[in-house]
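Peer 1: Below you'll find the structure I mean.
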Protein chains: 4
Amino acid sequence: MSLKLGVIGTGAIGQDHIRRCMQTLSGARVSAVNDINPDSAAGAVEKYAPAARIVVDPHQLIASDEVDAVLVTSWGPSHEEFVLGAIRVGKYVFCEKPLATTAEGCRRIVEAEMKHGKRLVQVGFMRPYDTGYRALKAVLDSGRIGDPLMLHCAHRNPRVGKNYSTDMAITDTLIHELDVLRWLLNDDYVSAQVVFPRHSPKALPHLRDPQIVLLETAKGTRIDVEIFVNCQYGYDIQCEVVGELGIAKLPEPSAVLLRSQAARSEAILTDWKERFIAAYDVELQDFIGGVCEGRLRGPSSWSGYAAAVAADACVAAQGTGAVVPIKLPAQPGFYA
Amino acid sequence: MSLKLGVIGTGAIGQDHIRRCMQTLSGARVSAVNDINPDSAAGAVEKYAPAARIVVDPHQLIASDEVDAVLVTSWGPSHEEFVLGAIRVGKYVFCEKPLATTAEGCRRIVEAEMKHGKRLVQVGFMRPYDTGYRALKAVLDSGRIGDPLMLHCAHRNPRVGKNYSTDMAITDTLIHELDVLRWLLNDDYVSAQVVFPRHSPKALPHLRDPQIVLLETAKGTRIDVEIFVNCQYGYDIQCEVVGELGIAKLPEPSAVLLRSQAARSEAILTDWKERFIAAYDVELQDFIGGVCEGRLRGPSSWSGYAAAVAADACVAAQGTGAVVPIKLPAQPGFYA
Amino acid sequence: MSLKLGVIGTGAIGQDHIRRCMQTLSGARVSAVNDINPDSAAGAVEKYAPAARIVVDPHQLIASDEVDAVLVTSWGPSHEEFVLGAIRVGKYVFCEKPLATTAEGCRRIVEAEMKHGKRLVQVGFMRPYDTGYRALKAVLDSGRIGDPLMLHCAHRNPRVGKNYSTDMAITDTLIHELDVLRWLLNDDYVSAQVVFPRHSPKALPHLRDPQIVLLETAKGTRIDVEIFVNCQYGYDIQCEVVGELGIAKLPEPSAVLLRSQAARSEAILTDWKERFIAAYDVELQDFIGGVCEGRLRGPSSWSGYAAAVAADACVAAQGTGAVVPIKLPAQPGFYA
Amino acid sequence: MSLKLGVIGTGAIGQDHIRRCMQTLSGARVSAVNDINPDSAAGAVEKYAPAARIVVDPHQLIASDEVDAVLVTSWGPSHEEFVLGAIRVGKYVFCEKPLATTAEGCRRIVEAEMKHGKRLVQVGFMRPYDTGYRALKAVLDSGRIGDPLMLHCAHRNPRVGKNYSTDMAITDTLIHELDVLRWLLNDDYVSAQVVFPRHSPKALPHLRDPQIVLLETAKGTRIDVEIFVNCQYGYDIQCEVVGELGIAKLPEPSAVLLRSQAARSEAILTDWKERFIAAYDVELQDFIGGVCEGRLRGPSSWSGYAAAVAADACVAAQGTGAVVPIKLPAQPGFYA
């Protein structure tokens, strides 16, 4: 009776989703697994889904009768191909971010899905499933602070590796804000500007860190997002919405209040994986539920496309220092 | 492959557990349902577990081949009979609190289980599964605040119905602290005293509200618990552990920080059902996991017995105002 | 034009008050100084009040034409004598705590003052002048939390010297709560009980630390005060009032919120002298203002007497473990 | 022995300073008072300083033997004249903000003071005297968060009158941040940009509210200041410094923590006059102390000049939307 899932890609996130489906979530099981590296697929199956079949060809997995829906957790550049493949056979597909590595790729998925005539794709943006963001949105939607006028946000990591480049502050880091703030505000971005504060001595020389991204929305709301990926002290996500009547702030993760050594203190997480860990469960459970009911509710391929368009503009703005317009076509009614 | 659960009792908590097993948790399904009221059983089955069989005789349900383990969520006075019934046939059983309505009844279950030779019973105390209490215990166990010397606790409800009586402040309300603090401290109670502050005008005349219960443990730790079930403002659980080096406090549920109308504020829950809602999921998932591995880890029947013995002393202390000793036999190695 | 103050006693607190009058407060100056040790008096005068006269005989100082009002900051056992001396010549007198070392001594001062026919004495209880306690009292008086039913308090010091004895937890430490809570609640104590948690390994063997004092008031309000003078982590004063409609808590001293090293933290003071430092200024300025207007408003000798009576009962309760009644005569209208 | 102050201007702030000198501060008294409206001067004298002389000609007051130092609290456009007058006769002068209504005016004062050869002028910027800002600066100076990289600030008022115009958001409101942040960072501004979020429906149509001012300093630190003068909910000043190792945030004013009506809450001030009320006392006491010691320590005329130059650039940036350079000459050693 349970939904049969085929998983393409058994790296860290892929294995995590397999474990999640088999040990935590309700209503689904992993029936088929593929990875470009067959040993990796075999390891994941042995560890979490002994009854699942290893399928060498990903498109065969997509087409298989043993697969009701597909999870794409492979290498980013392969996402577009597999998502388009799933759409082609009319199967639901959950695709980890990025939906595609270019806005054009996202656009192709949007068009294929619309041509198919029904939403089949959910993108792995998990923040809209976080209880904190949901509580924040509930306050906004309640009207208690009136219409939002400004957002002050921060995305901070303790440190990054040497392969992390200045543009990845947009495409890997800010991308989460680009998605979740759009959802939070029910609004679209119209321009971006990036300013660079003095370089943190803790950041490698090639990386401009921190950065501040200034966004403007169609309704005129102004957003500033501090991106600081060598902040040392913790993984810290901040989001404060200033409305016409008051201010609402994303909850801090709850923590024991300690009084010791001349300080009142609460721990801050240092590992990003823990920050939204519960949201991953809710996200995938919602995908499973959506598939079973035949109606997906999570981030759509349009959301993936919108985030990609905005990210492109932010990267351009990094280069020029000027205000760069963000031109997103009107959202088709199909995605309303 | 999934664990087959038989549920006895389809009141609010029973239905909630059926829904939980069928829609949220992994690895189990409800296969058989019983209620003293067949219509109630039928309604629950229709709503949440259409494939489950309705069994009119609860002992037949316990014995059924279609039932791997039993959930007892019936009327309190029937718990002992059904738990003993499950032990008799050697099946795992999860029993909502109270394990039995008397300490003697709990004792009989302990003895039957020990005679059986293996832990089969988990009691439905959910607080040890709450992430807040777990984080608090982690701080204690880390040694950061040294040995605990004092605990300051509060258990507050906005209001109670007219059937709520003074002793229920112990048997229905304090019972949760009696269980969780014993677990938190890894210690046993040795005495209880109850003092009554001035009567709240918001409490009905027959009910002594608020109350303060003073407990002493074997290690000499002193605990005060304020019980205030007509506090009006919210459902609020407080627990502060004063150690030799510092203080650790149970986290507040996380909430949006609002700045509006001349105040910074965070919402306090008003419905007790929401406060530990996630803990119920973790609790029952842990029972399912424990059954599958053949080793229960949650609150044991000894925990149920210990809480009942302490509760009896507290009720006696309500009557006399004096310090009442709490005499619990040494914990058998069986339950270590 | 400014008020001429004579100071008896030039120890730490005496010098501090001289400095305060000369450098910080408005409307008064120190004109005469006495100490049992003439070198100490000379040092204080040289440092803070070069124009002041050193008077060898304290009673001569009290009687001097150059002294409008007296500050008694000498050794505790001498307070009664000097306060009575000031009353005898009809001069206003500010006396550091204790007003007298026994309740009987306080009583003699009360009687002398009433016989004189006008309030002349202010006792150096500074907490009612603290902005935090004042804000707390304002909330209580506003009715926002209804009538107070319970108070949960703590008085914690990082550590104490080896001369600090178990009874000093009452007479030196709790004495501040005994005064300020009576003022806060506008109520009198009727009984006391003391319970001793396990001994903190950080406390010297002769000292019972921590202690919990349980007080009951005439209106039935129940108060618990944790006294923990080797708490290690800081000087920390807590006071939480549970009312019939809500709870109000003494503000924490304001501090920079720091995010660093995986924690959000705010500093806790470690030196008691800093905690109420501003209150000392307000207290003495109010005495000066009261003298100038001919009407004292601060803690009266009756307050000093009431605190002493309560302290005696608490010390007795330390010894017996039982509930000890607190018998204070009705407050004379003279002190209303 | 006490310092004799002459006050020019007896409006609200002038009267407040007279009261402060006569009733709260130590070491000074108001000996002479002037106002363009003699009745106002007479009223202030009668109310707070009955022994002071009313002087009709302000320059006569400045020159008078009965005046050791001058407080200028008159109408803004007259400040420059009176400050220059005080410098001419070599008297210390405390001037409420603005030091002059133009940067050129400030510059003339700077030059006159340098020509005189000694600091005589203190400008009435009170925030550097606020305990919160001082605590924040102490954290910065301790090195605990490393060098500052970014500042996120807000200056919010509940509402403003109809005479408040868009440029006043800079000259009346932001001016305080322009002064205090320069002091906090020990750095100078090099550019300004202003962005306008959507218009708050609560602001009058002629007023652009809110605004966000983006500043860059010589060291490359980036500052964003939200100015929102119709925020409705309270008077709220925020300042968060992001350093290379951590973050430090200006303390919130301390407030009673209330639990009532399903919320934990702390009051936010609504009247700006209360926010820095204690800082005004410290500021003026420091001026008095500085005069007595012959060495002023508070905000100098150079600070007033620097704030004026930055304000001019911000107003220009409001008009163009572009990044406007801020060109301040190097600070003369005279002011180091």
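We name chains A, B, ... following the order of the structure tokens; residues begin at 1 in each chain, and ligands are numbered from 1 as shown.
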For Lys273 of chain D, please output as a list in words all residues within 12 Å (counting only C-alpha atoms; exclusion window: fewer than 4 positions along the same chain).

Peer 2: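 Listing them by chain and then by number gives Ala12, Ile13, Asp16, Met126, Asn157, Tyr235, Asp236, Leu269, Ile277, Ala278, Ala279 and Tyr280 of chain D.
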
Peer 1: Fewer than 2 positions away in the same chain doesn't count, so skip those; otherwise give me all residues within 9 Å of Gly132 of chain D, counting only C-alpha atoms, as a list in words.

Peer 2: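 Skipping anything fewer than 2 positions along the chain leaves Ser254, Ala255 and Val256 of chain C; Arg127, Pro128, Tyr129, Asp130, Arg134, Ala135, Leu136, Lys137, Leu250, Pro251, Glu252 and Pro253 of chain D.
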
Peer 1: What would the file look like if the residues just selected were written as a compact mmCIF listing (two decimals), in the first residue's frame with N, CA and C atoms?

Peer 2:
# COMPACT_ATOMS: atom_id res chain seq x y z
N SER C 254 20.55 45.19 32.78
CA SER C 254 20.69 45.16 31.32
C SER C 254 22.15 44.93 30.93
N ALA C 255 22.35 44.19 29.85
CA ALA C 255 23.69 43.77 29.45
C ALA C 255 23.75 43.62 27.94
N VAL C 256 24.95 43.76 27.41
CA VAL C 256 25.16 43.55 25.98
C VAL C 256 24.86 42.10 25.64
N ARG D 127 24.28 60.28 23.69
CA ARG D 127 24.35 58.81 23.62
C ARG D 127 25.68 58.22 24.08
N PRO D 128 26.81 58.89 23.83
CA PRO D 128 28.06 58.31 24.35
C PRO D 128 28.06 58.22 25.88
N TYR D 129 27.10 58.86 26.54
CA TYR D 129 27.00 58.79 28.00
C TYR D 129 26.01 57.72 28.45
N ASP D 130 25.33 57.10 27.52
CA ASP D 130 24.36 56.06 27.87
C ASP D 130 25.09 54.80 28.31
N ARG D 134 27.92 52.55 26.30
CA ARG D 134 29.24 52.39 26.92
C ARG D 134 29.59 50.92 27.10
N ALA D 135 28.61 50.14 27.49
CA ALA D 135 28.86 48.71 27.65
C ALA D 135 29.20 48.08 26.29
N LEU D 136 28.49 48.55 25.25
CA LEU D 136 28.77 48.04 23.90
C LEU D 136 30.19 48.40 23.47
N LYS D 137 30.57 49.63 23.73
CA LYS D 137 31.92 50.05 23.36
C LYS D 137 32.97 49.27 24.15
N LEU D 250 23.53 46.31 21.37
CA LEU D 250 23.13 47.29 22.38
C LEU D 250 22.07 46.69 23.30
N PRO D 251 22.23 46.79 24.63
CA PRO D 251 21.21 46.24 25.54
C PRO D 251 19.85 46.90 25.33
N GLU D 252 18.81 46.12 25.49
CA GLU D 252 17.46 46.68 25.58
C GLU D 252 17.33 47.34 26.97
N PRO D 253 16.57 48.42 27.07
CA PRO D 253 16.30 48.96 28.41
C PRO D 253 15.67 47.88 29.27

Peer 1: Could you list, as a compact mmCIF listing (two decimals) with C-alpha atoms, in the first residue's frame, the residues of chain B having an atom within 8 Å of chain D when counting only C-alpha atoms?

Peer 2:
# COMPACT_ATOMS: atom_id res chain seq x y z
CA GLN B 232 -5.32 32.09 33.46
CA TYR B 233 -2.42 33.21 31.33
CA GLY B 234 -1.30 29.97 29.68
CA ARG B 259 7.48 44.04 18.75
CA SER B 260 4.09 45.67 18.76
CA GLN B 261 1.92 47.89 20.89
CA ALA B 262 4.71 49.01 23.19
CA ALA B 263 5.90 45.50 24.02
CA ARG B 264 8.34 42.83 22.97
CA SER B 265 6.43 39.59 23.31
CA GLU B 266 6.46 35.89 22.61
CA ALA B 267 3.32 33.77 22.63
CA ILE B 268 2.73 31.26 25.44
CA LEU B 269 0.74 28.16 24.59
CA THR B 270 -2.67 27.84 26.13

Peer 1: Extract the full set of helix (DSSP H, G or I) residues from segment 119-171 of chain B according to DSSP on the backbone, and format it as a PyMOL selection string.

Peer 2: chain B and resi 127-129+131-142+168-171

Peer 1: Take the residues just selected and output them with C-alpha atoms as an mmCIF file, in the first residue's frame.

Peer 2:
data_model
loop_
_atom_site.group_PDB
_atom_site.id
_atom_site.type_symbol
_atom_site.label_atom_id
_atom_site.label_comp_id
_atom_site.auth_asym_id
_atom_site.auth_seq_id
_atom_site.Cartn_x
_atom_site.Cartn_y
_atom_site.Cartn_z
ATOM 1 C CA ARG B 127 8.167 14.152 28.871
ATOM 2 C CA PRO B 128 11.437 12.196 28.781
ATOM 3 C CA TYR B 129 10.926 12.276 24.977
ATOM 4 C CA THR B 131 13.565 17.711 23.174
ATOM 5 C CA GLY B 132 13.636 20.370 25.879
ATOM 6 C CA TYR B 133 13.902 17.931 28.772
ATOM 7 C CA ARG B 134 16.444 15.933 26.791
ATOM 8 C CA ALA B 135 18.567 19.011 26.246
ATOM 9 C CA LEU B 136 18.296 19.800 29.943
ATOM 10 C CA LYS B 137 19.377 16.290 30.896
ATOM 11 C CA ALA B 138 22.277 16.525 28.458
ATOM 12 C CA VAL B 139 23.498 19.643 30.256
ATOM 13 C CA LEU B 140 23.184 17.932 33.641
ATOM 14 C CA ASP B 141 24.969 14.831 32.408
ATOM 15 C CA SER B 142 27.749 16.978 30.914
ATOM 16 C CA MET B 168 -6.020 15.535 41.025
ATOM 17 C CA ALA B 169 -3.390 18.273 41.243
ATOM 18 C CA ILE B 170 -1.180 15.371 42.307
ATOM 19 C CA THR B 171 -2.528 12.364 40.419
#

Peer 1: Which residues come within 7 Å of Tyr189 of chain B, counting only C-alpha atoms, excluding same-chain residues fewer than 2 positions away, as a list of chain:residue names?

Peer 2: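 The contact residues come out as B:Asp187, B:Ser191, B:Leu215, B:Glu216, B:Thr217, B:Ala218, B:Ile326.
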
Peer 1: Residues near Leu207 of chain D, anyone? I mean within 9 Å using only C-alpha atoms, not counting same-chain ones fewer than 5 positions away, as a PyMOL selection string.

Peer 2: chain D and resi 162+164-167+199

Peer 1: Any chance you could export the current selection's N, CA and C atoms as a compact mmCIF listing (two decimals), in the first residue's frame?

Peer 2:
# COMPACT_ATOMS: atom_id res chain seq x y z
N LYS D 162 3.15 66.72 11.82
CA LYS D 162 3.05 67.01 10.40
C LYS D 162 4.15 67.93 9.89
N TYR D 164 7.25 67.40 10.48
CA TYR D 164 8.45 66.58 10.29
C TYR D 164 8.58 66.25 8.81
N SER D 165 9.73 66.63 8.21
CA SER D 165 9.92 66.42 6.77
C SER D 165 10.98 65.36 6.51
N THR D 166 11.06 64.92 5.28
CA THR D 166 11.95 63.82 4.90
C THR D 166 13.40 64.08 5.29
N ASP D 167 13.89 65.32 5.11
CA ASP D 167 15.28 65.60 5.47
C ASP D 167 15.51 65.60 6.98
N HIS D 199 6.23 53.05 1.16
CA HIS D 199 5.76 54.07 2.10
C HIS D 199 4.83 53.45 3.15

Peer 1: If you count only C-alpha atoms, which residues fall within 9 Å of Leu328 of chain B, apart from same-chain ones fewer than 4 positions away, as a count of residues only?

Peer 2: 7

Peer 1: Residues within 12 Å of Trp302 of chain B, please, as a count of residues only. Count only C-alpha atoms; anything in the same chain fewer than 4 positions from it doesn't count.

Peer 2: 37

Peer 1: Among segment 21-218 of chain A, which residues does DSSP mark as strand (DSSP E) when it is run on the backbone? Keep the chain and numbering as in the structure and answer as a VMD selection string.

Peer 2: chain A and resid 28 to 34 53 to 54 69 to 72 92 to 95 121 to 123 148 to 156 189 to 195 211 to 217

Peer 1: Neighbours of Asn37 of chain B within 12 Å (only C-alpha atoms; same-chain residues fewer than 4 positions away dropped), as a PDB file with C-alpha atoms, in the first residue's frame?

Peer 2:
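Saved result, result_1.pdb, follows:
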ATOM      1  CA  ILE B   8      -7.780  -0.935  23.248  1.00  0.00           C
ATOM      2  CA  GLY B   9      -9.726   2.256  23.809  1.00  0.00           C
ATOM      3  CA  THR B  10     -10.714   4.770  21.131  1.00  0.00           C
ATOM      4  CA  GLY B  11     -11.286   7.933  23.144  1.00  0.00           C
ATOM      5  CA  VAL B  33      -9.150  -2.007  17.479  1.00  0.00           C
ATOM      6  CA  ALA B  41     -14.222   1.755  17.649  1.00  0.00           C
ATOM      7  CA  ALA B  42     -15.961   1.732  14.282  1.00  0.00           C
ATOM      8  CA  GLY B  43     -15.631   5.490  13.942  1.00  0.00           C
ATOM      9  CA  ALA B  44     -11.919   5.432  14.704  1.00  0.00           C
ATOM     10  CA  ILE B  54     -12.785  -4.342  15.120  1.00  0.00           C
ATOM     11  CA  VAL B  55     -12.512  -6.861  17.951  1.00  0.00           C
ATOM     12  CA  VAL B  56     -15.301  -6.871  20.508  1.00  0.00           C
ATOM     13  CA  ASP B  57     -13.480  -8.695  23.301  1.00  0.00           C
ATOM     14  CA  PRO B  58     -10.324  -6.875  24.449  1.00  0.00           C
ATOM     15  CA  SER B  74      -8.842   2.795  27.577  1.00  0.00           C
ATOM     16  CA  TRP B  75     -10.405   4.168  30.800  1.00  0.00           C
TER      17      TRP B  75
END

Peer 1: So, with only C-alpha atoms as the atoms that count, which of C:Ile145, C:Val241, C:Ala311, C:Leu184 lies closest to Val213 of chain C?

Peer 2: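 Nearest to Val213 of chain C: C:Ala311.
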
Peer 1: May I ask for the distance between atom CA of Met150 of chain C and atom CA of Lys249 of chain C, given in Å to one decimal place?

Peer 2: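 Separating atom CA of Met150 of chain C from atom CA of Lys249 of chain C is a distance of 11.9 Å.
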